[in-house]
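What follows is the content of upload-v4.cif (mmCIF, C-alpha atoms and all ligand atoms).
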```
data_data
#
loop_
_atom_site.label_atom_id
_atom_site.label_comp_id
_atom_site.auth_asym_id
_atom_site.auth_seq_id
_atom_site.Cartn_x
_atom_site.Cartn_y
_atom_site.Cartn_z
CA MET A 1 115.05 78.43 91.83
CA SER A 2 113.66 76.08 89.15
CA SER A 3 112.18 72.71 90.07
CA GLN A 4 115.24 71.03 88.43
CA GLN A 5 117.71 72.60 90.84
CA ARG A 6 118.47 70.88 94.11
CA ARG A 7 118.18 73.12 97.09
CA THR A 8 120.32 73.47 100.14
CA ALA A 9 120.28 75.76 103.18
CA LYS A 10 121.88 79.13 103.81
CA ILE A 11 122.09 81.26 106.93
CA THR A 12 120.15 84.48 106.37
CA ALA A 13 120.01 86.03 109.84
CA ILE A 14 121.84 85.76 113.17
CA GLY A 15 120.87 86.84 116.67
CA LYS A 16 122.65 86.66 120.00
CA TYR A 17 122.05 87.17 123.69
CA LEU A 18 124.46 87.49 126.57
CA PRO A 19 123.21 88.15 130.11
CA ASP A 20 124.41 91.54 131.41
CA LYS A 21 125.99 90.14 134.59
CA ILE A 22 129.75 89.66 134.15
CA LEU A 23 132.02 87.45 136.27
CA SER A 24 135.68 88.35 135.77
CA ASN A 25 138.78 86.33 136.63
CA PHE A 26 139.35 88.82 139.46
CA ASP A 27 135.87 88.03 140.83
CA LEU A 28 136.80 84.33 140.73
CA GLU A 29 140.02 85.04 142.65
CA LYS A 30 137.75 85.94 145.58
CA MET A 31 135.73 82.70 145.25
CA VAL A 32 138.33 79.94 144.69
CA ASP A 33 142.10 79.48 144.90
CA THR A 34 142.96 80.82 141.46
CA THR A 35 144.48 83.85 139.74
CA ASP A 36 143.68 85.93 136.70
CA GLU A 37 147.17 85.08 135.47
CA TRP A 38 146.56 81.28 135.69
CA ILE A 39 143.18 81.43 133.96
CA TRP A 40 144.34 83.80 131.23
CA SER A 41 147.58 81.96 130.45
CA ARG A 42 146.05 78.44 130.52
CA THR A 43 142.74 79.19 128.79
CA GLY A 44 142.66 82.66 127.18
CA ILE A 45 139.61 83.62 129.27
CA ARG A 46 139.26 87.04 130.96
CA GLU A 47 135.55 87.10 131.85
CA ARG A 48 132.24 85.37 131.27
CA HIS A 49 128.53 86.33 131.35
CA LEU A 50 126.15 84.69 133.82
CA VAL A 51 122.36 84.65 134.07
CA ARG A 52 120.58 86.17 137.06
CA ASP A 53 118.26 84.18 139.34
CA GLY A 54 115.08 83.21 137.53
CA GLU A 55 116.67 83.34 134.05
CA ALA A 56 117.40 80.08 132.29
CA THR A 57 118.15 78.65 128.87
CA SER A 58 114.72 79.32 127.34
CA HIS A 59 115.03 82.99 128.31
CA MET A 60 118.39 83.41 126.59
CA ALA A 61 117.31 81.34 123.57
CA THR A 62 114.17 83.46 123.19
CA GLN A 63 116.14 86.72 123.41
CA ALA A 64 118.61 85.53 120.74
CA ALA A 65 115.69 84.48 118.51
CA LEU A 66 113.94 87.84 118.99
CA ASP A 67 117.16 89.66 118.04
CA LEU A 68 117.28 87.57 114.85
CA LEU A 69 113.59 88.05 113.98
CA ARG A 70 113.95 91.80 114.43
CA LYS A 71 116.92 91.93 112.06
CA ARG A 72 115.28 89.65 109.44
CA GLN A 73 111.91 91.40 109.89
CA LEU A 74 110.34 87.94 109.95
CA ASP A 75 106.88 87.15 111.29
CA PRO A 76 107.33 84.35 113.88
CA LYS A 77 104.36 82.58 112.30
CA LYS A 78 106.58 81.89 109.28
CA ILE A 79 108.95 79.71 111.33
CA ASP A 80 108.51 76.02 110.42
CA CYS A 81 110.75 74.39 113.00
CA ILE A 82 112.83 75.37 116.05
CA ILE A 83 115.84 73.29 117.06
CA VAL A 84 117.48 74.17 120.39
CA ALA A 85 120.92 72.67 121.00
CA THR A 86 121.54 72.58 124.75
CA VAL A 87 122.74 70.40 127.63
CA THR A 88 121.14 72.72 130.16
CA PRO A 89 117.43 72.74 129.23
CA ASP A 90 115.12 74.60 131.63
CA MET A 91 113.84 71.14 132.64
CA PHE A 92 113.92 67.57 131.31
CA PHE A 93 110.62 68.17 129.60
CA PRO A 94 108.91 69.92 127.97
CA ALA A 95 111.70 70.65 125.50
CA THR A 96 113.22 74.13 125.65
CA ALA A 97 112.24 74.44 121.96
CA CYS A 98 108.56 74.30 123.01
CA LEU A 99 109.06 77.07 125.57
CA VAL A 100 110.82 79.20 122.95
CA GLN A 101 108.05 78.47 120.40
CA ASN A 102 105.47 79.75 122.87
CA ASN A 103 107.52 82.81 123.86
CA LEU A 104 107.93 83.78 120.19
CA GLY A 105 104.33 83.10 119.15
CA ALA A 106 105.65 80.79 116.42
CA THR A 107 102.25 79.18 116.09
CA ARG A 108 103.00 77.12 112.96
CA ALA A 109 106.28 75.66 114.22
CA TRP A 110 107.23 72.32 115.68
CA GLY A 111 110.52 71.83 117.47
CA PHE A 112 112.81 69.76 119.60
CA ASP A 113 115.98 69.91 121.69
CA LEU A 114 119.24 68.36 120.58
CA SER A 115 121.85 67.21 123.09
CA ALA A 116 125.43 67.06 121.86
CA ALA A 117 127.18 69.40 124.33
CA CYS A 118 129.74 71.69 122.69
CA SER A 119 129.05 70.18 119.25
CA GLY A 120 125.30 70.66 119.70
CA PHE A 121 124.95 73.73 117.52
CA LEU A 122 126.89 72.13 114.66
CA PHE A 123 124.77 68.98 114.85
CA ALA A 124 121.59 71.11 114.96
CA LEU A 125 122.73 73.26 112.03
CA ASP A 126 123.35 70.16 109.93
CA THR A 127 119.96 68.70 110.94
CA GLY A 128 118.22 71.98 110.05
CA ALA A 129 119.99 72.10 106.69
CA ARG A 130 118.77 68.58 105.83
CA MET A 131 115.21 69.67 106.70
CA ILE A 132 115.48 72.58 104.28
CA GLU A 133 116.95 70.29 101.62
CA SER A 134 113.98 67.94 101.97
CA GLY A 135 111.82 70.68 100.49
CA GLN A 136 109.31 70.39 103.32
CA TYR A 137 110.52 73.35 105.40
CA SER A 138 111.65 76.84 104.43
CA ASN A 139 112.36 78.68 107.69
CA VAL A 140 114.23 76.67 110.30
CA LEU A 141 115.40 78.42 113.45
CA VAL A 142 118.54 76.86 114.95
CA ILE A 143 119.55 78.00 118.42
CA GLY A 144 122.54 77.12 120.61
CA ALA A 145 121.95 78.07 124.25
CA ASP A 146 123.47 76.97 127.53
CA THR A 147 123.26 78.04 131.15
CA MET A 148 126.48 76.43 132.28
CA SER A 149 126.40 78.32 135.59
CA ALA A 150 123.47 76.07 136.61
CA ILE A 151 125.65 72.93 136.56
CA LEU A 152 128.99 74.27 137.80
CA ASP A 153 130.45 73.78 141.25
CA TYR A 154 131.70 77.26 142.17
CA THR A 155 134.04 75.74 144.76
CA ASP A 156 135.87 73.66 142.10
CA ARG A 157 138.54 75.85 140.53
CA ALA A 158 139.31 73.27 137.83
CA THR A 159 135.90 73.70 136.16
CA CYS A 160 134.11 76.84 137.36
CA VAL A 161 136.57 79.21 135.67
CA LEU A 162 136.07 77.66 132.23
CA PHE A 163 132.42 78.26 131.34
CA GLY A 164 129.89 81.05 130.82
CA ASP A 165 126.23 81.48 129.81
CA GLY A 166 124.87 82.69 126.47
CA ALA A 167 122.76 82.00 123.39
CA GLY A 168 123.03 82.43 119.64
CA ALA A 169 120.47 81.81 116.90
CA VAL A 170 120.52 81.49 113.12
CA LEU A 171 117.78 81.28 110.52
CA LEU A 172 118.13 78.72 107.72
CA GLU A 173 116.40 79.39 104.40
CA PRO A 174 116.65 77.61 101.03
CA CYS A 175 119.18 78.42 98.33
CA GLU A 176 120.41 76.79 95.15
CA GLU A 177 122.83 73.95 95.87
CA GLY A 178 126.51 74.63 95.19
CA THR A 179 126.21 78.42 95.02
CA GLU A 180 126.18 79.38 98.68
CA GLY A 181 125.12 78.13 102.10
CA ILE A 182 126.04 74.95 103.90
CA ILE A 183 128.19 73.04 101.45
CA ASP A 184 129.59 70.15 103.49
CA SER A 185 129.86 68.73 106.98
CA ILE A 186 131.52 65.84 108.79
CA LEU A 187 130.05 64.89 112.17
CA ARG A 188 131.19 62.24 114.65
CA CYS A 189 130.61 60.85 118.13
CA ASP A 190 132.50 58.36 120.29
CA GLY A 191 130.86 57.38 123.57
CA SER A 192 134.04 55.83 124.90
CA GLY A 193 134.91 59.43 125.81
CA ALA A 194 131.90 59.71 128.15
CA GLU A 195 134.04 59.08 131.24
CA TYR A 196 136.06 62.28 130.73
CA LEU A 197 133.29 64.89 130.73
CA TYR A 198 129.84 64.33 132.22
CA MET A 199 127.18 65.20 134.77
CA GLU A 200 125.96 61.94 136.25
CA GLY A 201 123.23 62.91 138.71
CA GLY A 202 119.57 63.55 137.99
CA GLY A 203 119.11 61.23 135.02
CA SER A 204 117.37 57.85 134.88
CA LEU A 205 120.51 56.05 136.03
CA LEU A 206 120.99 58.17 139.13
CA PRO A 207 117.77 60.00 140.01
CA PRO A 208 118.16 62.91 142.43
CA THR A 209 118.34 62.06 146.11
CA ALA A 210 119.70 63.83 149.18
CA GLU A 211 122.78 61.66 148.70
CA THR A 212 123.40 62.68 145.06
CA VAL A 213 123.13 66.32 146.11
CA ALA A 214 125.50 65.82 149.05
CA ASN A 215 127.96 64.05 146.70
CA LYS A 216 127.79 66.99 144.25
CA GLN A 217 126.67 64.68 141.45
CA HIS A 218 124.56 67.38 139.82
CA PHE A 219 127.64 69.30 138.74
CA LEU A 220 129.81 69.01 135.63
CA VAL A 221 132.86 66.76 136.05
CA GLN A 222 135.83 66.96 133.71
CA ASP A 223 139.22 65.33 133.31
CA GLY A 224 140.70 68.48 131.78
CA ARG A 225 143.96 66.97 130.60
CA ALA A 226 142.28 64.05 128.82
CA VAL A 227 139.66 66.28 127.17
CA PHE A 228 142.39 68.69 126.11
CA LYS A 229 144.38 65.90 124.45
CA TYR A 230 141.41 64.59 122.42
CA ALA A 231 140.07 68.07 121.60
CA VAL A 232 143.38 69.26 120.17
CA LYS A 233 143.69 66.23 117.91
CA TRP A 234 140.13 65.66 116.78
CA MET A 235 139.04 69.25 116.25
CA ALA A 236 142.19 69.93 114.22
CA ASP A 237 141.81 66.66 112.28
CA ILE A 238 138.17 67.24 111.33
CA SER A 239 138.79 70.88 110.37
CA ALA A 240 141.57 69.75 108.04
CA GLU A 241 139.42 66.89 106.70
CA VAL A 242 136.50 69.14 105.74
CA ALA A 243 138.87 71.69 104.14
CA GLU A 244 140.73 69.01 102.16
CA ARG A 245 137.53 67.29 101.01
CA ASN A 246 136.46 70.60 99.50
CA SER A 247 139.91 71.41 98.06
CA LEU A 248 140.22 74.52 100.23
CA THR A 249 143.75 75.78 100.84
CA SER A 250 144.58 78.11 103.72
CA GLN A 251 144.34 81.07 101.30
CA ASP A 252 140.79 80.06 100.33
CA ILE A 253 139.48 80.23 103.91
CA ARG A 254 138.25 83.67 104.94
CA LEU A 255 137.36 82.75 108.52
CA PHE A 256 137.68 79.75 110.84
CA ILE A 257 135.11 79.74 113.66
CA PRO A 258 136.02 76.97 116.11
CA HIS A 259 134.36 76.01 119.35
CA GLN A 260 135.73 78.20 122.16
CA ALA A 261 136.88 75.97 125.04
CA ASN A 262 140.53 76.90 125.37
CA LYS A 263 142.64 79.37 123.37
CA ARG A 264 145.41 76.77 123.09
CA ILE A 265 143.01 74.28 121.43
CA ILE A 266 141.71 77.03 119.12
CA ASP A 267 145.24 78.07 118.11
CA ALA A 268 146.36 74.46 117.51
CA SER A 269 143.42 73.88 115.14
CA ALA A 270 144.05 77.16 113.29
CA GLU A 271 147.73 76.30 112.97
CA ARG A 272 146.86 72.89 111.52
CA LEU A 273 144.85 74.67 108.79
CA GLY A 274 147.80 77.02 108.20
CA LEU A 275 145.74 80.10 109.07
CA THR A 276 146.86 83.53 110.27
CA GLU A 277 145.37 85.42 113.22
CA ASP A 278 143.04 87.47 110.99
CA GLN A 279 141.50 84.25 109.60
CA LEU A 280 140.58 83.06 113.10
CA LEU A 281 137.55 84.00 115.21
CA SER A 282 138.35 84.01 118.91
CA ASN A 283 136.06 85.56 121.52
CA ILE A 284 136.81 83.18 124.40
CA ASP A 285 138.40 86.06 126.33
CA ARG A 286 134.98 87.71 126.79
CA TYR A 287 132.56 84.77 126.92
CA ALA A 288 134.54 81.69 128.10
CA ASN A 289 133.08 78.34 126.98
CA THR A 290 129.33 78.79 126.41
CA THR A 291 128.95 75.18 125.14
CA ALA A 292 126.28 75.10 122.37
CA ALA A 293 126.25 78.90 122.09
CA THR A 294 129.91 79.41 121.17
CA ILE A 295 129.67 78.95 117.40
CA PRO A 296 126.57 81.11 116.77
CA LEU A 297 128.04 83.76 119.11
CA GLY A 298 131.23 83.62 117.03
CA MET A 299 129.27 84.04 113.81
CA ALA A 300 127.29 86.94 115.29
CA ASP A 301 130.48 88.72 116.38
CA ALA A 302 132.14 88.18 112.98
CA VAL A 303 129.12 89.72 111.22
CA GLU A 304 128.98 92.65 113.66
CA ASP A 305 132.68 93.30 113.09
CA GLY A 306 132.25 93.22 109.29
CA ARG A 307 134.61 90.26 109.00
CA LEU A 308 132.35 88.21 106.70
CA GLN A 309 131.02 89.08 103.25
CA PRO A 310 128.83 87.07 100.85
CA GLY A 311 130.92 84.46 99.04
CA ASP A 312 133.49 84.07 101.84
CA ASN A 313 134.54 80.52 102.69
CA VAL A 314 133.98 79.74 106.36
CA ILE A 315 134.99 76.63 108.31
CA LEU A 316 133.22 75.78 111.57
CA ALA A 317 134.56 73.17 113.98
CA ALA A 318 133.52 71.83 117.37
CA PHE A 319 134.49 69.29 119.99
CA GLY A 320 132.61 68.38 123.15
CA ALA A 321 131.32 65.90 125.70
CA GLY A 322 130.29 62.53 124.39
CA PHE A 323 132.76 62.77 122.80
CA THR A 324 131.11 64.62 119.92
CA TRP A 325 132.87 66.60 117.23
CA GLY A 326 132.43 67.97 113.73
CA GLY A 327 133.50 70.30 110.96
CA MET A 328 131.42 72.26 108.46
CA TYR A 329 132.10 74.26 105.31
CA ILE A 330 129.82 77.24 104.58
CA ARG A 331 129.97 79.66 101.67
CA TRP A 332 128.73 82.79 103.38
CA SER A 333 125.49 84.49 102.30
CA LYS A 334 124.04 87.96 102.77
CA ILE A 335 123.02 88.31 106.40
CA HIS A 336 120.16 90.56 107.52
N1 LIG A 401 143.61 78.07 139.10
C1 LIG A 401 144.81 77.70 139.53
N2 LIG A 401 145.29 76.45 139.40
C2 LIG A 401 144.49 75.55 138.83
C3 LIG A 401 143.21 75.85 138.36
C4 LIG A 401 142.76 77.17 138.52
N3 LIG A 401 141.55 77.59 138.11
N4 LIG A 401 142.66 74.75 137.83
C5 LIG A 401 143.57 73.77 137.94
N5 LIG A 401 144.68 74.24 138.54
C6 LIG A 401 145.89 73.54 138.89
C7 LIG A 401 145.71 72.06 138.99
O1 LIG A 401 145.25 71.72 140.28
C8 LIG A 401 147.08 71.55 138.71
O2 LIG A 401 147.85 71.62 139.90
P1 LIG A 401 148.83 70.41 140.28
O3 LIG A 401 149.83 70.35 139.17
O4 LIG A 401 149.38 70.89 141.59
O5 LIG A 401 147.97 69.20 140.37
C9 LIG A 401 147.68 72.56 137.74
O6 LIG A 401 146.84 73.72 137.83
C10 LIG A 401 147.71 72.09 136.31
O7 LIG A 401 146.47 71.50 136.03
P2 LIG A 401 146.17 70.88 134.61
O8 LIG A 401 144.80 70.28 134.61
O9 LIG A 401 147.30 70.05 134.13
O10 LIG A 401 146.17 72.22 133.75
P3 LIG A 401 146.07 72.34 132.20
O11 LIG A 401 147.20 73.11 131.68
O12 LIG A 401 145.73 71.03 131.54
O13 LIG A 401 144.79 73.27 132.04
C11 LIG A 401 142.44 73.09 131.56
C12 LIG A 401 143.56 72.83 132.57
C13 LIG A 401 141.13 72.59 132.11
C14 LIG A 401 142.38 74.57 131.29
C15 LIG A 401 142.78 72.34 130.25
O14 LIG A 401 143.11 71.01 130.53
C16 LIG A 401 141.66 72.36 129.27
O15 LIG A 401 141.32 73.37 128.71
N6 LIG A 401 141.09 71.18 128.97
C17 LIG A 401 140.07 71.03 127.95
C18 LIG A 401 138.82 71.70 128.41
C19 LIG A 401 137.76 71.60 127.38
O16 LIG A 401 138.01 71.74 126.21
N7 LIG A 401 136.56 71.39 127.89
C20 LIG A 401 135.35 71.44 127.20
C21 LIG A 401 135.29 70.52 126.09
S1 LIG A 401 134.20 71.21 125.02
#
```
Would you write the structure of this file as structure tokens?
Amino acid sequence: MSSQQRRTAKITAIGKYLPDKILSNFDLEKMVDTTDEWIWSRTGIRERHLVRDGEATSHMATQAALDLLRKRQLDPKKIDCIIVATVTPDMFFPATACLVQNNLGATRAWGFDLSAACSGFLFALDTGARMIESGQYSNVLVIGADTMSAILDYTDRATCVLFGDGAGAVLLEPCEEGTEGIIDSILRCDGSGAEYLYMEGGGSLLPPTAETVANKQHFLVQDGRAVFKYAVKWMADISAEVAERNSLTSQDIRLFIPHQANKRIIDASAERLGLTEDQLLSNIDRYANTTAATIPLGMADAVEDGRLQPGDNVILAAFGAGFTWGGMYIRWSKIH
């Protein structure tokens, strides 16, 4: 790349980690008043992975990063920055990114956590790309990791069936602008949606007490119908907006990788883009909603399945608590 050319970021390696413990819909039938048939038909979920006692977000994030470093054959000392998107950090502080940095031996890196729920990975990917573009950093590790099982009430059938645990990681490196990599993104948030999906206990507004624990205020709360309504509209709208802004027709898009919260939301967004089944990545049946991990896990699966080749046009889209949402256009690069 000459000094005249502007640089942007491309994804050069992907890693993933899913805990080996699996909780199926049939297992959930024994825990709450639900059925495999209800969960499958309303959400598209069959099973989800859960961490074991003692494992948390930094563990999964580290494993995903190690998988990536192994594939890229990269010395961890070459990593400049680590961004961990999560709403389930090991603890309030230090940041999960610091724990991952130490686990990896990434001794030259700085890092931070980014909180944007199910849009967290997309926000982190965009942030990492801008860091590469600045010219100051050349190896940015972007991780999406969430231990949703830590904040779910396993007596509440309306929420506990929907989520799983997992982590995915990508490496961003520089490339010449316009040829490949992250071409465009549109990101949004609207805090008026905060009342529909939240966990209120344990923060500075409502510090933990015996009462907050008794009131189950340390668990995720969701108005499923309201979130569904907004997710269907805004994820579809932003996917279409990013495609249109880049003059991409349905035939131009090789793969659409949307956030995996509900198969009906995924299908509605794909339909809006005019895509067929083979242009859509859906793995919600095996993982459920892994919050910040869903998009990197989707990318990892697409690469493993040979569904993406260099030059392919890929659209990413997400919607989550906040509300937060976004769409991104990537021209796919060679992945190690
Ligand atoms: N098993 C059986 N019945 C259940 C159930 C379960 N696990 N969970 C809820 N129900 C019941 C409800 O109690 C309700 O019964 P009622 O009619 O007697 O009150 C009925 O099923 C329908 O509930 P409803 O909430 O209208 O279902 P739905 O079709 O909207 O599906 C969700 C519920 C949560 C799957 C759906 O709203 C959804 O996916 N929302 C968006 C979730 C999301 O995207 N979250 C993350 C954002 S990133």
Taking all atoms of ligand LIG 401 (chain A) that the file lists and extending 4 Å past them on each side, where is the centre of the axis-aligned box and how long are its edges? Answer in Å to one decimal, as lines of an AutoDock Vina configuration file.
```
center_x = 142.0
center_y = 73.6
center_z = 133.3
size_x = 23.6
size_y = 16.9
size_z = 24.6
```
Between A:Asp53, A:Asp184, A:Glu177, A:Asp223, single out the one closest to ligand LIG 401 (chain A), counting all atoms listed in the file.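 Of the candidates, the smallest distance to ligand LIG 401 (chain A) is held by A:Asp223.
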Determine the nearest neighbour of ligand LIG 401 (chain A) from the options A:Ala158, A:Leu172, A:Leu275, A:Val242, counting all atoms listed in the file. A:Ala158
So which residues are near ligand LIG 401 (chain A), meaning at most 9 Å away with all atoms listed in the file counted, given back as a PDB file with C-alpha atoms, in the frame of the given file?
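Generated file (part_1.pdb):
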```pdb
ATOM      1  CA  LEU A  28     136.800  84.330 140.730  1.00  0.00           C
ATOM      2  CA  GLU A  29     140.020  85.040 142.650  1.00  0.00           C
ATOM      3  CA  VAL A  32     138.330  79.940 144.690  1.00  0.00           C
ATOM      4  CA  ASP A  33     142.100  79.480 144.900  1.00  0.00           C
ATOM      5  CA  THR A  34     142.960  80.820 141.460  1.00  0.00           C
ATOM      6  CA  THR A  35     144.480  83.850 139.740  1.00  0.00           C
ATOM      7  CA  ASP A  36     143.680  85.930 136.700  1.00  0.00           C
ATOM      8  CA  GLU A  37     147.170  85.080 135.470  1.00  0.00           C
ATOM      9  CA  TRP A  38     146.560  81.280 135.690  1.00  0.00           C
ATOM     10  CA  ILE A  39     143.180  81.430 133.960  1.00  0.00           C
ATOM     11  CA  SER A  41     147.580  81.960 130.450  1.00  0.00           C
ATOM     12  CA  ARG A  42     146.050  78.440 130.520  1.00  0.00           C
ATOM     13  CA  THR A  43     142.740  79.190 128.790  1.00  0.00           C
ATOM     14  CA  ALA A 117     127.180  69.400 124.330  1.00  0.00           C
ATOM     15  CA  CYS A 118     129.740  71.690 122.690  1.00  0.00           C
ATOM     16  CA  SER A 119     129.050  70.180 119.250  1.00  0.00           C
ATOM     17  CA  ASP A 156     135.870  73.660 142.100  1.00  0.00           C
ATOM     18  CA  ARG A 157     138.540  75.850 140.530  1.00  0.00           C
ATOM     19  CA  ALA A 158     139.310  73.270 137.830  1.00  0.00           C
ATOM     20  CA  THR A 159     135.900  73.700 136.160  1.00  0.00           C
ATOM     21  CA  CYS A 160     134.110  76.840 137.360  1.00  0.00           C
ATOM     22  CA  VAL A 161     136.570  79.210 135.670  1.00  0.00           C
ATOM     23  CA  LEU A 162     136.070  77.660 132.230  1.00  0.00           C
ATOM     24  CA  PHE A 163     132.420  78.260 131.340  1.00  0.00           C
ATOM     25  CA  LEU A 197     133.290  64.890 130.730  1.00  0.00           C
ATOM     26  CA  GLN A 222     135.830  66.960 133.710  1.00  0.00           C
ATOM     27  CA  ASP A 223     139.220  65.330 133.310  1.00  0.00           C
ATOM     28  CA  GLY A 224     140.700  68.480 131.780  1.00  0.00           C
ATOM     29  CA  ARG A 225     143.960  66.970 130.600  1.00  0.00           C
ATOM     30  CA  ALA A 226     142.280  64.050 128.820  1.00  0.00           C
ATOM     31  CA  VAL A 227     139.660  66.280 127.170  1.00  0.00           C
ATOM     32  CA  PHE A 228     142.390  68.690 126.110  1.00  0.00           C
ATOM     33  CA  LYS A 229     144.380  65.900 124.450  1.00  0.00           C
ATOM     34  CA  TYR A 230     141.410  64.590 122.420  1.00  0.00           C
ATOM     35  CA  ALA A 231     140.070  68.070 121.600  1.00  0.00           C
ATOM     36  CA  VAL A 232     143.380  69.260 120.170  1.00  0.00           C
ATOM     37  CA  HIS A 259     134.360  76.010 119.350  1.00  0.00           C
ATOM     38  CA  GLN A 260     135.730  78.200 122.160  1.00  0.00           C
ATOM     39  CA  ALA A 261     136.880  75.970 125.040  1.00  0.00           C
ATOM     40  CA  ASN A 262     140.530  76.900 125.370  1.00  0.00           C
ATOM     41  CA  LYS A 263     142.640  79.370 123.370  1.00  0.00           C
ATOM     42  CA  ARG A 264     145.410  76.770 123.090  1.00  0.00           C
ATOM     43  CA  ILE A 265     143.010  74.280 121.430  1.00  0.00           C
ATOM     44  CA  ASN A 289     133.080  78.340 126.980  1.00  0.00           C
ATOM     45  CA  THR A 291     128.950  75.180 125.140  1.00  0.00           C
ATOM     46  CA  ALA A 318     133.520  71.830 117.370  1.00  0.00           C
ATOM     47  CA  PHE A 319     134.490  69.290 119.990  1.00  0.00           C
ATOM     48  CA  GLY A 320     132.610  68.380 123.150  1.00  0.00           C
ATOM     49  CA  ALA A 321     131.320  65.900 125.700  1.00  0.00           C
ATOM     50  CA  PHE A 323     132.760  62.770 122.800  1.00  0.00           C
ATOM     51  CA  THR A 324     131.110  64.620 119.920  1.00  0.00           C
TER      52      THR A 324
END
```
Between A:Ser24, A:Ala56, A:Gln5, A:Gly322, single out the one closest to Gly193 of chain A, counting all atoms listed in the file. A:Gly322
Exercise: Ala236 of chain A partners within 8 Å, only C-alpha atoms, chain neighbours under 2 positions left out, as a PyMOL selection string: chain A and resi 231-234+238-240+268-270+272-273
For segment 225-315 of chain A versus segment 123-144 of chain A, which residues have an atom no more than 8 Å away, and what is each residue's nearest atom pair and distance in Å rounded to one decimal, using all atoms listed in the file, chain-then-number order, as JSON lines?
```
{"residue": "A:Ala292", "atom": "CA", "partner": "A:Gly144", "partner_atom": "CA", "distance": 4.6}
{"residue": "A:Ala293", "atom": "CA", "partner": "A:Gly144", "partner_atom": "CA", "distance": 4.4}
{"residue": "A:Thr294", "atom": "CA", "partner": "A:Gly144", "partner_atom": "CA", "distance": 7.7}
{"residue": "A:Pro296", "atom": "CA", "partner": "A:Gly144", "partner_atom": "CA", "distance": 6.8}
```
Kindly assemble as CSV a list of the segment 29-86 of chain A residues that lie within 12 Å of segment 98-102 of chain A, each paired with its nearest atom pair and their distance in Å to one decimal, using only C-alpha atoms, sorted first by chain and then by ascending residue number.
```
residue,atom,partner,partner_atom,distance
A:Ala56,CA,A:Leu99,CA,11.1
A:Thr57,CA,A:Val100,CA,9.4
A:Ser58,CA,A:Val100,CA,5.9
A:His59,CA,A:Val100,CA,7.8
A:Met60,CA,A:Val100,CA,9.4
A:Ala61,CA,A:Val100,CA,6.9
A:Thr62,CA,A:Val100,CA,5.4
A:Gln63,CA,A:Val100,CA,9.2
A:Ala64,CA,A:Val100,CA,10.3
A:Ala65,CA,A:Val100,CA,8.4
A:Leu66,CA,A:Val100,CA,10.0
A:Pro76,CA,A:Gln101,CA,8.8
A:Lys77,CA,A:Gln101,CA,9.8
A:Lys78,CA,A:Gln101,CA,11.7
A:Ile79,CA,A:Gln101,CA,9.2
A:Asp80,CA,A:Gln101,CA,10.3
A:Cys81,CA,A:Gln101,CA,8.9
A:Ile82,CA,A:Gln101,CA,7.2
A:Ile83,CA,A:Cys98,CA,9.5
A:Val84,CA,A:Val100,CA,8.7
```
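The coordinates place atom CA of Leu171 of chain A at 25.6 Å from atom CA of Leu248 of chain A.
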Computed gap from atom CA of Asp146 of chain A to atom CA of Phe26 of chain A is 23.1 Å
Tell me which protein, DNA and RNA residues are within 7 Å of segment 185-187 of chain A, counting only C-alpha atoms, leaving out same-chain ones fewer than 6 positions away, and put them as a PyMOL selection string. chain A and resi 242+325-329
